[in-house]
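Dumped work-v1.pdb below, it's PDB, C-alpha atoms and all ligand atoms:
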```pdb
ATOM      1  CA  MET A   1       0.000   0.000   0.000
ATOM      2  CA  ARG A   2       1.360   3.385  -1.017
ATOM      3  CA  HIS A   3       1.273   6.222   1.459
ATOM      4  CA  MET A   4      -0.575   9.152  -0.054
ATOM      5  CA  PRO A   5       0.758  12.639   0.487
ATOM      6  CA  ASP A   6      -1.526  14.784   2.581
ATOM      7  CA  VAL A   7      -2.483  17.147  -0.228
ATOM      8  CA  PRO A   8      -6.208  17.638   0.484
ATOM      9  CA  ASP A   9      -5.517  18.476   4.139
ATOM     10  CA  SER A  10      -2.735  20.885   3.139
ATOM     11  CA  LEU A  11      -5.061  22.662   0.735
ATOM     12  CA  ALA A  12      -7.732  22.853   3.399
ATOM     13  CA  SER A  13      -5.150  24.217   5.822
ATOM     14  CA  LEU A  14      -4.051  26.865   3.312
ATOM     15  CA  GLU A  15      -7.652  27.816   2.637
ATOM     16  CA  GLY A  16      -8.161  28.152   6.382
ATOM     17  CA  GLN A  17      -5.094  30.393   6.676
ATOM     18  CA  LYS A  18      -6.314  32.528   3.778
ATOM     19  CA  ALA A  19      -9.739  32.930   5.361
ATOM     20  CA  GLY A  20      -8.097  33.871   8.666
ATOM     21  CA  LEU A  21      -5.843  36.458   6.994
ATOM     22  CA  LEU A  22      -8.740  37.963   5.064
ATOM     23  CA  ARG A  23     -10.733  38.252   8.271
ATOM     24  CA  LYS A  24      -7.805  39.938  10.055
ATOM     25  CA  ILE A  25      -7.364  42.412   7.177
ATOM     26  CA  SER A  26     -11.066  43.240   7.212
ATOM     27  CA  GLU A  27     -10.853  43.836  10.984
ATOM     28  CA  LEU A  28      -8.011  46.341  10.598
ATOM     29  CA  GLY A  29     -10.417  49.056   9.506
ATOM     30  CA  GLU A  30      -8.302  52.133   9.011
ATOM     31  CA  PHE A  31      -5.417  50.608   7.131
ATOM     32  CA  ARG A  32      -2.298  52.722   7.238
ATOM     33  CA  PRO A  33       1.340  52.092   8.123
ATOM     34  CA  GLY A  34       1.761  55.320  10.036
ATOM     35  CA  SER A  35       0.392  58.782  10.536
ATOM     36  CA  ILE A  36       1.784  62.275  10.622
ATOM     37  CA  THR A  37       0.474  64.677  13.229
ATOM     38  CA  THR A  38       1.223  68.332  13.733
ATOM     39  CA  THR A  39       1.933  69.925  17.080
ATOM     40  CA  THR A  40       2.992  73.345  18.211
ATOM     41  CA  GLY A  41       5.417  74.241  20.971
ATOM     42  CA  ARG A  42       8.398  72.143  21.953
ATOM     43  CA  CYS A  43       9.661  69.123  20.096
ATOM     44  CA  GLY A  44      11.255  65.952  21.476
ATOM     45  CA  ASN A  45      14.801  67.102  20.840
ATOM     46  CA  PRO A  46      16.269  68.506  24.115
ATOM     47  CA  GLY A  47      19.099  70.178  22.200
ATOM     48  CA  CYS A  48      16.723  72.139  19.985
ATOM     49  CA  HIS A  49      16.361  75.917  20.375
ATOM     50  CA  CYS A  50      12.681  75.504  21.320
ATOM     51  CA  HIS A  51      13.705  74.192  24.763
ATOM     52  CA  ARG A  52      15.389  77.474  25.686
ATOM     53  CA  PRO A  53      13.472  79.561  28.289
ATOM     54  CA  HIS A  54      12.248  82.428  26.081
ATOM     55  CA  ASP A  55      11.858  80.569  22.800
ATOM     56  CA  PRO A  56       8.291  80.536  21.420
ATOM     57  CA  GLY A  57       8.863  77.031  20.074
ATOM     58  CA  HIS A  58       7.832  75.562  16.760
ATOM     59  CA  GLY A  59       4.579  75.775  14.914
ATOM     60  CA  PRO A  60       3.338  73.711  13.331
ATOM     61  CA  HIS A  61       5.657  70.837  14.133
ATOM     62  CA  PHE A  62       5.421  67.486  12.376
ATOM     63  CA  ARG A  63       5.524  64.142  14.122
ATOM     64  CA  LEU A  64       5.449  60.697  12.547
ATOM     65  CA  THR A  65       3.740  57.864  14.425
ATOM     66  CA  TYR A  66       3.814  54.257  13.289
ATOM     67  CA  LYS A  67       3.846  50.690  14.571
ATOM     68  CA  GLU A  68       7.068  48.714  14.742
ATOM     69  CA  ASP A  69       7.155  45.204  16.237
ATOM     70  CA  GLY A  70       3.850  45.925  17.974
ATOM     71  CA  LYS A  71       5.159  49.096  19.628
ATOM     72  CA  THR A  72       4.027  52.598  18.794
ATOM     73  CA  VAL A  73       6.985  54.644  17.628
ATOM     74  CA  THR A  74       6.847  58.430  17.470
ATOM     75  CA  GLU A  75       9.518  60.354  15.609
ATOM     76  CA  SER A  76       9.915  64.086  15.690
ATOM     77  CA  LEU A  77      10.460  65.483  12.245
ATOM     78  CA  CYS A  78      12.689  68.422  13.078
ATOM     79  CA  PHE A  79      13.561  70.349   9.938
ATOM     80  CA  PRO A  80      16.648  72.556  10.268
ATOM     81  CA  GLY A  81      15.682  76.088   9.343
ATOM     82  CA  GLY A  82      11.937  75.597   9.834
ATOM     83  CA  THR A  83       9.182  73.644   8.154
ATOM     84  CA  PRO A  84       9.781  72.534   4.570
TER
HETATM   85 ZN    ZN B   1      12.522  71.865  18.499
END
```

Kindly present the structure from the file in C-alpha cells form.
Amino acid sequence: MRHMPDVPDSLASLEGQKAGLLRKISELGEFRPGSITTTTGRCGNPGCHCHRPHDPGHGPHFRLTYKEDGKTVTESLCFPGGTP
C-alpha cells in the first residue's frame, strides 16, 4: 500500500489560513502604516532651540507615528531652518 501525500488536508489548511488572513485584514479598519500629526510648541529634541526659556517654540511641528514590532513609535520630524 502506497502512502498518499496529505495534499487535500494541506489545501484545506491553506484555505483556512487565507480565510483567517482575510478576516484579520477586514478587521483592521483604518489601514495605514503610520500617521503624521502636527503639534505646536516644543519638540522631542532637548538640544533644539525651542527648549530654551524664552523661545516661542515651533509651529506647526510634524511628528510621525507608526507601529514597529507591535510598539508605537513616534519620531519628531525636526527640519533645520523651519518647516519645509
Ligand atoms: Zn525643536

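Restricting the atom set to all atoms listed in the file, one finds that the residues within 6 Å of ligand ZN 1 (chain B) amount to A:Arg42, A:Cys43, A:Asn45, A:Cys48, A:His49, A:Cys50.
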
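Take CA of His51 (chain A) and CA of Leu77 (chain A): the distance between them is 15.6 Å.
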
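Once the PyMOL selection byres (((chain A and resi 74) around 10) and not hetatm) is applied to the depicted file, the selected set reads Gly34, Ser35, Ile36, Thr37, Gly44, Arg63, Leu64, Thr65, Tyr66, Lys67, Lys71, Thr72, Val73, Glu75, Ser76 and Leu77 of chain A.
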
Store the residues picked out above in a file with C-alpha atoms, as an mmCIF file, in the coordinates of the input.
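To be explicit, this is the file written out as part-v8.cif:
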```cif
data_model
loop_
_atom_site.group_PDB
_atom_site.id
_atom_site.type_symbol
_atom_site.label_atom_id
_atom_site.label_comp_id
_atom_site.auth_asym_id
_atom_site.auth_seq_id
_atom_site.Cartn_x
_atom_site.Cartn_y
_atom_site.Cartn_z
ATOM 1 C CA GLY A 34 1.761 55.320 10.036
ATOM 2 C CA SER A 35 0.392 58.782 10.536
ATOM 3 C CA ILE A 36 1.784 62.275 10.622
ATOM 4 C CA THR A 37 0.474 64.677 13.229
ATOM 5 C CA GLY A 44 11.255 65.952 21.476
ATOM 6 C CA ARG A 63 5.524 64.142 14.122
ATOM 7 C CA LEU A 64 5.449 60.697 12.547
ATOM 8 C CA THR A 65 3.740 57.864 14.425
ATOM 9 C CA TYR A 66 3.814 54.257 13.289
ATOM 10 C CA LYS A 67 3.846 50.690 14.571
ATOM 11 C CA LYS A 71 5.159 49.096 19.628
ATOM 12 C CA THR A 72 4.027 52.598 18.794
ATOM 13 C CA VAL A 73 6.985 54.644 17.628
ATOM 14 C CA GLU A 75 9.518 60.354 15.609
ATOM 15 C CA SER A 76 9.915 64.086 15.690
ATOM 16 C CA LEU A 77 10.460 65.483 12.245
#
```

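If you look at CA of Asp9 (chain A) and CA of Glu27 (chain A), they are 26.8 Å away from each other.
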
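Going from CA of Glu68 (chain A) to CA of Leu28 (chain A) covers 15.8 Å.
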
Box for region 13-32 of chain A - axis-aligned, 3 Å on each of the six sides, all listed atoms - centre and size in Å to one decimal, as lines of an AutoDock Vina configuration file.
```
center_x = -6.7
center_y = 38.5
center_z = 6.8
size_x = 14.8
size_y = 34.5
size_z = 14.3
```
